>>> print(open('data22.cif').read())   # mmCIF, C-alpha atoms
data_model
loop_
_atom_site.label_atom_id
_atom_site.label_comp_id
_atom_site.auth_asym_id
_atom_site.auth_seq_id
_atom_site.Cartn_x
_atom_site.Cartn_y
_atom_site.Cartn_z
CA MET K 227 -1.53 -6.77 44.14
CA THR K 228 -2.38 -5.84 47.72
CA LYS K 229 -5.13 -3.42 48.67
CA GLN K 230 -2.47 -0.86 49.59
CA ASP K 231 -0.80 -1.29 46.18
CA ALA K 232 -4.15 -0.79 44.44
CA THR K 233 -4.78 2.38 46.44
CA THR K 234 -1.34 3.70 45.57
CA VAL K 235 -1.82 3.04 41.87
CA ARG K 236 -5.26 4.65 41.93
CA ALA K 237 -3.87 7.77 43.61
CA TRP K 238 -0.94 7.85 41.20
CA LEU K 239 -3.24 7.66 38.17
CA ARG K 240 -5.56 10.33 39.52
CA GLY K 241 -2.57 12.59 40.07
CA ILE K 242 -1.51 12.55 36.42
CA GLU K 243 -2.51 15.81 34.78
CA VAL K 244 -4.56 15.69 31.60
CA PHE K 245 -5.06 18.40 29.00
CA ALA K 246 -2.56 20.63 30.86
CA ARG K 247 -1.37 22.27 27.67
CA PRO K 248 -2.65 24.78 25.10
CA LEU K 249 -5.48 23.19 23.14
CA PRO K 250 -7.00 24.48 19.92
CA PRO K 251 -10.53 25.91 19.90
CA PHE K 252 -13.35 24.20 18.05
CA ASP K 253 -16.49 26.00 16.93
CA PRO K 254 -19.10 23.44 15.78
CA GLY K 255 -21.10 26.25 14.21
CA ARG K 256 -18.37 26.66 11.59
CA ALA K 257 -18.03 22.95 10.80
CA PRO K 258 -18.40 21.93 7.13
CA THR K 259 -21.37 19.96 5.88
CA GLU K 260 -19.28 16.85 5.14
CA PRO K 261 -17.50 15.05 8.00
CA SER K 262 -14.68 13.94 5.69
CA GLU K 263 -13.76 17.60 5.12
CA LEU K 264 -13.44 18.30 8.84
CA PHE K 265 -11.56 15.03 9.41
CA LEU K 266 -9.00 15.88 6.73
CA ALA K 267 -8.54 19.34 8.25
CA TRP K 268 -7.81 17.80 11.67
CA LEU K 269 -5.53 15.18 10.12
CA SER K 270 -3.64 17.90 8.25
CA ASP K 271 -3.17 19.81 11.51
CA ALA K 272 -1.68 16.66 13.07
CA VAL K 273 0.66 16.09 10.11
CA GLU K 274 1.84 19.70 10.07
CA ALA K 275 2.48 19.58 13.83
CA GLY K 276 4.75 16.57 13.36
CA ILE K 277 2.61 14.23 15.45
CA PRO K 278 3.99 10.67 15.05
CA ASP K 279 1.86 8.27 13.02
CA PRO K 280 -1.02 10.75 12.65
CA HIS K 281 -2.93 8.35 10.38
CA ALA K 282 -2.92 5.51 12.92
CA MET K 283 -6.36 4.42 14.10
CA THR K 284 -7.99 1.80 16.29
CA LEU K 285 -10.18 -0.64 14.36
CA SER K 286 -12.86 -2.24 16.56
CA THR K 287 -14.78 -5.33 15.47
CA VAL K 288 -16.74 -8.17 17.10
CA ASP K 289 -16.01 -11.89 16.87
CA GLU K 290 -18.42 -14.78 16.33
CA ALA K 291 -19.30 -14.79 20.05
CA GLY K 292 -20.07 -11.09 20.01
CA ASP K 293 -16.96 -10.20 22.00
CA PRO K 294 -15.26 -6.92 21.04
CA ASP K 295 -11.78 -6.86 19.54
CA ALA K 296 -9.53 -3.91 18.73
CA ARG K 297 -6.15 -3.18 17.20
CA VAL K 298 -4.29 -0.25 15.64
CA LEU K 299 -4.05 0.01 11.85
CA ILE K 300 -3.08 2.67 9.32
CA LEU K 301 -5.70 4.64 7.42
CA LYS K 302 -5.28 4.17 3.66
CA ASN K 303 -7.68 6.79 2.32
CA VAL K 304 -10.71 8.87 3.21
CA ASP K 305 -13.26 10.62 1.04
CA SER K 306 -16.98 11.36 1.03
CA SER K 307 -17.75 7.64 0.55
CA GLY K 308 -15.81 6.28 3.52
CA PHE K 309 -12.63 5.48 5.42
CA GLN K 310 -10.36 2.80 3.95
CA PHE K 311 -8.03 0.22 5.48
CA ALA K 312 -6.68 -3.15 4.36
CA VAL K 313 -6.48 -6.56 6.06
CA HIS K 314 -5.73 -10.17 5.20
CA GLY K 315 -8.89 -12.21 4.86
CA ALA K 316 -7.48 -15.07 6.98
CA SER K 317 -6.52 -12.79 9.87
CA PRO K 318 -8.81 -12.53 12.92
CA LYS K 319 -10.00 -9.09 11.84
CA GLY K 320 -10.64 -10.35 8.31
CA VAL K 321 -12.70 -13.27 9.61
CA GLN K 322 -14.60 -10.99 11.99
CA LEU K 323 -15.42 -8.49 9.27
CA SER K 324 -16.64 -11.29 7.03
CA GLY K 325 -19.00 -12.50 9.77
CA THR K 326 -20.13 -9.08 10.99
CA PRO K 327 -19.44 -6.41 8.36
CA ARG K 328 -19.62 -3.45 10.71
CA ALA K 329 -16.82 -1.65 12.53
CA ALA K 330 -15.76 1.38 14.51
CA LEU K 331 -12.65 3.50 13.98
CA THR K 332 -11.05 5.73 16.60
CA PHE K 333 -8.44 8.41 15.95
CA TYR K 334 -6.73 10.29 18.77
CA TRP K 335 -4.22 13.10 18.59
CA ALA K 336 -3.18 13.65 22.21
CA GLU K 337 -1.16 16.78 21.51
CA PHE K 338 -4.33 18.56 20.39
CA GLY K 339 -6.76 16.74 22.69
CA ARG K 340 -8.72 15.65 19.63
CA GLN K 341 -10.60 12.44 18.99
CA VAL K 342 -12.65 11.25 16.03
CA ARG K 343 -14.99 8.27 16.24
CA VAL K 344 -16.42 6.58 13.13
CA ARG K 345 -19.09 3.86 13.06
CA GLY K 346 -20.71 2.14 10.13
CA ALA K 347 -21.02 -0.73 7.68
CA VAL K 348 -17.90 -2.22 6.12
CA ARG K 349 -17.73 -3.16 2.47
CA PRO K 350 -14.88 -4.76 0.48
CA GLU K 351 -13.48 -2.74 -2.39
CA SER K 352 -12.84 -4.27 -5.82
CA ALA K 353 -10.20 -6.93 -6.37
CA ALA K 354 -8.26 -4.46 -8.52
CA ARG K 355 -8.13 -1.85 -5.76
CA SER K 356 -7.16 -4.48 -3.19
CA ALA K 357 -4.38 -5.71 -5.48
CA ALA K 358 -3.09 -2.18 -5.98
CA ASP K 359 -2.96 -1.69 -2.22
CA PHE K 360 -1.11 -4.98 -1.77
CA LEU K 361 1.51 -4.11 -4.39
CA ALA K 362 2.07 -0.72 -2.76
CA ARG K 363 3.30 -2.43 0.41
CA SER K 364 6.96 -3.07 1.11
CA ALA K 365 8.46 -6.38 -0.04
CA THR K 366 8.72 -7.63 3.55
CA ALA K 367 5.10 -6.70 4.31
CA ARG K 368 3.94 -8.52 1.17
CA ALA K 369 6.07 -11.56 1.99
CA GLU K 370 4.65 -11.77 5.49
CA ALA K 371 1.08 -11.41 4.23
CA LEU K 372 1.62 -14.24 1.73
CA LEU K 373 2.41 -16.58 4.62
CA GLY K 374 -1.18 -16.17 5.85
CA ARG K 375 -0.28 -17.03 9.45
CA GLN K 376 -1.15 -13.81 11.26
CA SER K 377 -2.00 -14.27 14.97
CA ARG K 378 -1.25 -18.01 14.96
CA TYR K 379 0.93 -19.47 17.71
CA LEU K 380 4.65 -19.13 17.01
CA ALA K 381 6.57 -22.11 18.37
CA ASP K 382 9.90 -21.48 16.67
CA PRO K 383 11.12 -18.02 15.56
CA ASP K 384 13.67 -19.73 13.29
CA GLU K 385 10.84 -21.38 11.39
CA ARG K 386 9.24 -17.96 10.90
CA ASP K 387 12.50 -16.50 9.61
CA ARG K 388 12.97 -19.37 7.15
CA ALA K 389 9.40 -19.05 5.89
CA LEU K 390 9.81 -15.29 5.48
CA ARG K 391 13.04 -15.73 3.50
CA ASP K 392 11.32 -18.20 1.19
CA SER K 393 8.38 -15.83 0.75
CA LEU K 394 10.70 -12.91 -0.03
CA ALA K 395 12.46 -15.02 -2.65
CA ARG K 396 9.08 -15.77 -4.20
CA ILE K 397 8.26 -12.07 -4.40
CA GLU K 398 11.62 -11.30 -5.98
CA ALA K 399 10.89 -13.93 -8.62
CA GLU K 400 7.28 -12.76 -9.11
CA PRO K 401 7.18 -9.00 -8.33
CA ASP K 402 3.55 -8.68 -9.48
CA LEU K 403 2.35 -11.51 -7.24
CA VAL K 404 -0.80 -10.59 -5.29
CA ASP K 405 -2.39 -12.43 -2.39
CA SER K 406 -6.05 -12.85 -3.34
CA ALA K 407 -7.02 -12.81 0.35
CA TRP K 408 -5.70 -9.26 0.78
CA THR K 409 -8.74 -6.99 0.98
CA LEU K 410 -9.16 -3.24 0.94
CA TYR K 411 -12.21 -2.27 2.99
CA SER K 412 -14.23 0.92 3.34
CA VAL K 413 -16.12 1.87 6.47
CA VAL K 414 -19.23 3.64 5.20
CA PRO K 415 -20.05 5.77 8.24
CA ASP K 416 -23.46 6.13 9.82
CA THR K 417 -21.99 8.54 12.38
CA VAL K 418 -18.76 10.50 12.70
CA GLU K 419 -18.10 12.24 16.00
CA PHE K 420 -15.52 14.96 16.61
CA TRP K 421 -14.36 15.52 20.19
CA GLN K 422 -12.24 18.49 21.26
CA ALA K 423 -10.89 18.41 24.80
CA ALA K 424 -10.80 21.44 27.06
CA ALA K 425 -8.80 21.94 30.25
CA THR K 426 -12.05 22.91 31.98
CA ARG K 427 -13.42 19.43 31.14
CA VAL K 428 -16.28 21.11 29.29
CA HIS K 429 -15.33 19.28 26.13
CA VAL K 430 -16.85 20.09 22.74
CA ARG K 431 -18.53 17.25 20.85
CA LEU K 432 -20.07 17.35 17.40
CA ARG K 433 -21.70 14.33 15.81
CA TYR K 434 -22.50 13.95 12.13
CA GLU K 435 -25.43 11.56 11.58
CA ARG K 436 -26.27 10.27 8.13
CA GLU K 437 -29.87 10.81 7.10
CA GLY K 438 -30.41 9.53 3.58
CA VAL K 439 -27.85 11.21 1.34
CA THR K 440 -27.21 14.14 3.68
CA TRP K 441 -25.62 14.68 7.08
CA GLN K 442 -27.17 16.22 10.17
CA ARG K 443 -24.82 17.92 12.65
CA ARG K 444 -25.71 17.75 16.33
CA GLU K 445 -23.76 18.94 19.34
CA LEU K 446 -23.55 16.57 22.31
CA TRP K 447 -23.17 16.97 26.06
CA SER K 448 -19.56 16.50 27.12
#
>>> encode(input="data22.cif", output="structure tokens")
Amino acid sequence: MTKQDATTVRAWLRGIEVFARPLPPFDPGRAPTEPSELFLAWLSDAVEAGIPDPHAMTLSTVDEAGDPDARVLILKNVDSSGFQFAVHGASPKGVQLSGTPRAALTFYWAEFGRQVRVRGAVRPESAARSAADFLARSATARAEALLGRQSRYLADPDERDRALRDSLARIEAEPDLVDSAWTLYSVVPDTVEFWQAAATRVHVRLRYEREGVTWQRRELWS
């Protein structure tokens, strides 16, 4: 890329409007005492508005060298104890969580200009709950997980297709088969931050910080 190209791209990006649409208000003074309650209210708003994949989130972890890694997953559940997602233990994210059991989650609903950030320790749920999550997946998703090859180099797509067919046949023969490496995790949050955009760029930020068994709510500079 030439210097002129870089300048053109920079000008193009700066010219893209952001938050140029009606955005909902957010009054931190009326926020509930539990962050999970406010999160579910915002998630419900996104579902009712027909926002695609409203329960998608970015899971951020660190590898053995301390380098950050991130990918988008689907939220499985949320309650006062934490935010749940599931991964294969042999996948990069599974290995990273085993080595450093802490993570961050990021939710973003662009239509509303809303973002939620979650940070905290990660703990595996029971084998029974992990098994139940695995069996709730589609047959193809279970078959692929049983292969245990996520993120490995793929030299031959035909080999993948053959392996997947064999794995699907195995599931059809054993419908209750569960991959023991499949793990349901909960992020037990230390902090949960709610961010509401404003066209004025004076955004509203509210952070819940865990102190013992209670939460403290603190507004932040935008």
>>> closest_residue(input="data22.cif", among="K:Ser377, K:Thr409, K:Thr440, K:Ser448", to="Arg427 (chain K)", atoms="all atoms listed in the file")
K:Ser448
>>> resolve_selection(input="data22.cif", expression="the PyMOL selection byres ((chain K and resi 319-332) around 10)", output="PyMOL selection string")
chain K and resi 282-290+292+294-299+301+309+312-318+333-334+341-350+407-409+411-415+417-419
>>> resolve_selection(input="data22.cif", expression="the PyMOL selection byres ((chain K and resi 361) around 12)", output="short mmCIF file (atom, residue, chain, number, x, y, z; two decimals) with C-alpha atoms, in the coordinates of the input")
data_model
loop_
_atom_site.label_atom_id
_atom_site.label_comp_id
_atom_site.auth_asym_id
_atom_site.auth_seq_id
_atom_site.Cartn_x
_atom_site.Cartn_y
_atom_site.Cartn_z
CA ALA K 354 -8.26 -4.46 -8.52
CA ARG K 355 -8.13 -1.85 -5.76
CA SER K 356 -7.16 -4.48 -3.19
CA ALA K 357 -4.38 -5.71 -5.48
CA ALA K 358 -3.09 -2.18 -5.98
CA ASP K 359 -2.96 -1.69 -2.22
CA PHE K 360 -1.11 -4.98 -1.77
CA ALA K 362 2.07 -0.72 -2.76
CA ARG K 363 3.30 -2.43 0.41
CA SER K 364 6.96 -3.07 1.11
CA ALA K 365 8.46 -6.38 -0.04
CA THR K 366 8.72 -7.63 3.55
CA ALA K 367 5.10 -6.70 4.31
CA ARG K 368 3.94 -8.52 1.17
CA ALA K 369 6.07 -11.56 1.99
CA ALA K 371 1.08 -11.41 4.23
CA LEU K 372 1.62 -14.24 1.73
CA ILE K 397 8.26 -12.07 -4.40
CA GLU K 400 7.28 -12.76 -9.11
CA PRO K 401 7.18 -9.00 -8.33
CA ASP K 402 3.55 -8.68 -9.48
CA LEU K 403 2.35 -11.51 -7.24
CA VAL K 404 -0.80 -10.59 -5.29
CA ASP K 405 -2.39 -12.43 -2.39
CA SER K 406 -6.05 -12.85 -3.34
CA TRP K 408 -5.70 -9.26 0.78
CA THR K 409 -8.74 -6.99 0.98
CA LEU K 410 -9.16 -3.24 0.94
#
>>> atom_distance(input="data22.cif", atom1="CA of Asp416 (chain K)", atom2="CA of Glu435 (chain K)")
6.0 Å
>>> atom_distance(input="data22.cif", atom1="CA of Arg240 (chain K)", atom2="CA of Thr426 (chain K)")
16.0 Å
>>> atom_distance(input="data22.cif", atom1="CA of Leu249 (chain K)", atom2="CA of Glu337 (chain K)")
7.9 Å
>>> closest_residue(input="data22.cif", among="K:Phe311, K:Tyr434, K:Ala237, K:Trp335", to="Pro280 (chain K)", atoms="all atoms listed in the file")
K:Trp335
>>> resolve_selection(input="data22.cif", expression="the PyMOL selection byres ((chain K and resi 390) around 8)", output="list in words")
Thr366, Ala369, Glu370, Leu373, Arg386, Asp387, Arg388, Ala389, Arg391, Asp392, Ser393 and Leu394 of chain K
>>> closest_residue(input="data22.cif", among="K:Ala353, K:Phe338, K:Gln442, K:Ala395", to="Arg247 (chain K)", atoms="all atoms listed in the file")
K:Phe338
